[in-house]
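Below: one structure, written as structure tokens.
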Amino acid sequence: MRSRELPNQAVRIRAIRNFDDFRDVIFTYRLPRILLTALDLDLFTVMGARSWTIPALAKRLRVSVRGMDILCRNLACAGLLNKQGAQYRAGNLARTALNARSPAYRGAYLDLLRGQWEDWSQLTTSVRRGRPVEHEAPDDPVYRRQFTWAMHHRSVEVAPKVAAQVHLRGARTLLDLGGGPGTYALAFLARNPALRATVCDRAPALEVAREIAGPLKYGRRLSYLPLDFVSRPIPGKYDVIWYSNVLHIYSPTQNKALFRKMAAALHPKGRLLIQDAFLLDRNGLYPMEANLFAVTMLLFTEEGNTYGAAETARWLRETGFERIRRITLRKGTEDWEGGLLEACLLPGPPARPRRSLAPRSGSAGN
């Protein structure tokens, strides 16, 4: 993966009808800023599993008692801290995923989220220029490793849920194209004992993938392909190509060129599975999270965007794929609200294009 990701959670904001609605939406910045300040102070790491009074916590963090009091009251209102009398104690999430001393800490992803506060403040400039903001070079090995760990922290819980609903129908080989840490490839390997997978990405990303796969028994069935797949052909032949959270990085022209390369890398009757932030309505407005994510692409990629599921299906037909359908996953288990697109590479003459792209519930193996 080569872009900065937002949390995989649908955004729910009511339509703005009047000035009060407008004000309320603007004011939603307040709680995120409170959460980020707690991270900036390493508050949850310092608290650990102990109970603290405000004066003791303020002294430990070298901040004002007044400021600590107001901050902790708001964190307790948000459910991250528990208050009993004059003492505060971190809740389960704060003690684990937000605590740098916990094995469950998701520090790389938290760092990415913290950085986005400043990045989004440059949106006006990016809209004027039509170009991304200045940030770390994507080829910098240190940045690439940090970003790859962030993507693992983002997907480590959702990948097994998605893999459980995508039946691979006896496939023996899978290519995770642009797969970064290989989180999804490993989730598929865990559920399919006969499967062998290859994760393809930049070399620094694959170093992280090796570290993650190393302790896992099924990780021995994961191979690594360092490749700039935009400029070079994809070597080998596969039964399934998994193209997850990569589509949005590239322009329509670039994606169609990649689809042609994927078609050449698939066995006859092979399958392409695309997971992304698809727009699902005719006007290209919803889900809201998909449109908000397009702003991230404006800020961090040269030509990226989010695309409609029907639009992507049209590109697939133009590049030799058939039997294109949407796969909807169980609510609360999906990476994105739009689910997946499945396309097949069939031998013989192409079938007549279908007029509509109707969603189907369930897994890809139905």
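Chain lettering (A, B, ...) mirrors the order of the structure tokens, residue numbering begins at 1 for each chain separately, and ligand numbering begins at 1 in order of display.
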*Which residues come within 10 Å of Trp315 in chain A, counting only C-alpha atoms, excluding same-chain residues fewer than 3 positions away, as a ChimeraX atom specification?*
/A:252-253,255-257,259-260,310-312,318-321
Closest atom pairs, residues of range 126-208 of chain A within 8 Å of range 218-242 of chain A, only C-alpha atoms, as JSON lines:
{"residue": "A:Leu168", "atom": "CA", "partner": "A:Val240", "partner_atom": "CA", "distance": 7.9}
{"residue": "A:Ala171", "atom": "CA", "partner": "A:Asp239", "partner_atom": "CA", "distance": 5.7}
{"residue": "A:Arg172", "atom": "CA", "partner": "A:Asp239", "partner_atom": "CA", "distance": 6.6}
{"residue": "A:Thr173", "atom": "CA", "partner": "A:Tyr238", "partner_atom": "CA", "distance": 5.2}
{"residue": "A:Leu174", "atom": "CA", "partner": "A:Val240", "partner_atom": "CA", "distance": 4.7}
{"residue": "A:Leu175", "atom": "CA", "partner": "A:Ile241", "partner_atom": "CA", "distance": 4.7}
{"residue": "A:Asp176", "atom": "CA", "partner": "A:Trp242", "partner_atom": "CA", "distance": 4.8}
{"residue": "A:Leu177", "atom": "CA", "partner": "A:Trp242", "partner_atom": "CA", "distance": 6.1}
{"residue": "A:Ala185", "atom": "CA", "partner": "A:Leu222", "partner_atom": "CA", "distance": 7.6}
{"residue": "A:Leu186", "atom": "CA", "partner": "A:Gly219", "partner_atom": "CA", "distance": 6.5}
{"residue": "A:Leu189", "atom": "CA", "partner": "A:Tyr218", "partner_atom": "CA", "distance": 6.2}
{"residue": "A:Ala190", "atom": "CA", "partner": "A:Tyr218", "partner_atom": "CA", "distance": 6.1}
{"residue": "A:Pro193", "atom": "CA", "partner": "A:Tyr218", "partner_atom": "CA", "distance": 7.8}
{"residue": "A:Leu195", "atom": "CA", "partner": "A:Arg221", "partner_atom": "CA", "distance": 7.5}
{"residue": "A:Arg196", "atom": "CA", "partner": "A:Arg221", "partner_atom": "CA", "distance": 5.1}
{"residue": "A:Ala197", "atom": "CA", "partner": "A:Leu222", "partner_atom": "CA", "distance": 5.0}
{"residue": "A:Thr198", "atom": "CA", "partner": "A:Ser223", "partner_atom": "CA", "distance": 4.5}
{"residue": "A:Val199", "atom": "CA", "partner": "A:Tyr224", "partner_atom": "CA", "distance": 5.2}
{"residue": "A:Cys200", "atom": "CA", "partner": "A:Leu225", "partner_atom": "CA", "distance": 4.6}
{"residue": "A:Asp201", "atom": "CA", "partner": "A:Pro226", "partner_atom": "CA", "distance": 5.4}
{"residue": "A:Arg202", "atom": "CA", "partner": "A:Pro226", "partner_atom": "CA", "distance": 5.2}
{"residue": "A:Ala203", "atom": "CA", "partner": "A:Pro226", "partner_atom": "CA", "distance": 5.2}
{"residue": "A:Leu206", "atom": "CA", "partner": "A:Tyr224", "partner_atom": "CA", "distance": 6.6}
*Once DSSP has gone over the backbone, tell me which residues of range 45-266 of chain A are in strand (DSSP E), as a ChimeraX atom specification.*
/A:51-53,81-84,87-90,173-177,196-201,222-226,238-244,266
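Nearest residue to Val156 in chain A among A:Leu266, A:Ala313, A:Arg169, A:Asp335 is A:Asp335, counting only C-alpha atoms.
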*Hey, what's within 10 Å of Thr124 in chain A if we count only C-alpha atoms and toss same-chain stuff fewer than 5 positions away? As number ranges by chain, please?*
A: 129-130, 299
*Might you pull out every residue within 8 Å of Leu75 in chain A, with only C-alpha atoms counted and same-chain residues fewer than 5 positions away left off, and present them as a list in words?*
Ile34, Leu35, Leu80 and Leu81 of chain A
Could you dump the residues just selected with C-alpha atoms as a PDB file, in the first residue's frame?
ATOM      1  CA  ILE A  34      -8.535  16.083  22.936  1.00  0.00           C
ATOM      2  CA  LEU A  35      -7.653  12.498  21.980  1.00  0.00           C
ATOM      3  CA  LEU A  80     -11.378   6.087  27.600  1.00  0.00           C
ATOM      4  CA  LEU A  81     -10.911   6.741  31.328  1.00  0.00           C
TER       5      LEU A  81
END
*What is the CA of Gly338 in chain A-CA of Pro287 in chain A distance in Å, reported with one decimal?*
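Between these atoms lies a distance of 7.9 Å.
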*Counting only C-alpha atoms, the option among A:Gln146, A:Ser126, A:Asn74, A:Ser244 closest to Ala159 in chain A*: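 For Ala159 in chain A, the nearest of the given residues is A:Ser244.
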*Which polymer residues have any atom within 6 Å of an atom of Ala343 in chain A, counting only C-alpha atoms, with same-chain residues fewer than 2 positions away left out, as a list in words?*
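Selected residues are Arg271, Leu272, Phe321, Glu322, Arg323 and Ile324 of chain A.
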Name the residues in contact with Ala309 in chain A at a cut-off of 10 Å, using only C-alpha atoms, excluding same-chain residues fewer than 5 positions from it; report them as a PDB file with C-alpha atoms, in the first residue's frame.
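Result file part.pdb:
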ATOM      1  CA  ILE A 274     -10.745  -5.818  -5.339  1.00  0.00           C
ATOM      2  CA  ASP A 276     -11.579  -0.514  -1.774  1.00  0.00           C
ATOM      3  CA  ALA A 277     -13.570   2.528  -0.688  1.00  0.00           C
ATOM      4  CA  PHE A 278     -16.164   2.271  -3.445  1.00  0.00           C
ATOM      5  CA  LEU A 279     -18.798   4.913  -4.102  1.00  0.00           C
ATOM      6  CA  LEU A 280     -22.095   3.082  -4.452  1.00  0.00           C
ATOM      7  CA  ASP A 281     -24.730   5.587  -5.626  1.00  0.00           C
ATOM      8  CA  ARG A 282     -25.267   6.962  -9.132  1.00  0.00           C
ATOM      9  CA  GLY A 284     -20.946   9.378  -6.619  1.00  0.00           C
ATOM     10  CA  ARG A 314     -16.634  -0.982 -16.525  1.00  0.00           C
ATOM     11  CA  ARG A 325     -20.151  -8.799  -9.180  1.00  0.00           C
ATOM     12  CA  ARG A 326     -20.190  -7.040  -5.843  1.00  0.00           C
ATOM     13  CA  GLY A 338     -18.865  -1.168  -0.192  1.00  0.00           C
ATOM     14  CA  GLY A 339     -17.420  -4.637   0.281  1.00  0.00           C
ATOM     15  CA  LEU A 340     -15.555  -6.230  -2.613  1.00  0.00           C
ATOM     16  CA  LEU A 341     -15.647  -6.554  -6.380  1.00  0.00           C
ATOM     17  CA  LEU A 357     -23.971  -4.276 -11.221  1.00  0.00           C
ATOM     18  CA  PRO A 359     -24.785  -6.509  -5.165  1.00  0.00           C
TER      19      PRO A 359
END
*Any idea what's packed within 9 Å of Ser251 in chain A, counting only C-alpha atoms, ignoring anything in its chain fewer than 6 positions away? Could you give it as a PyMOL selection string?*
chain A and resi 302-305
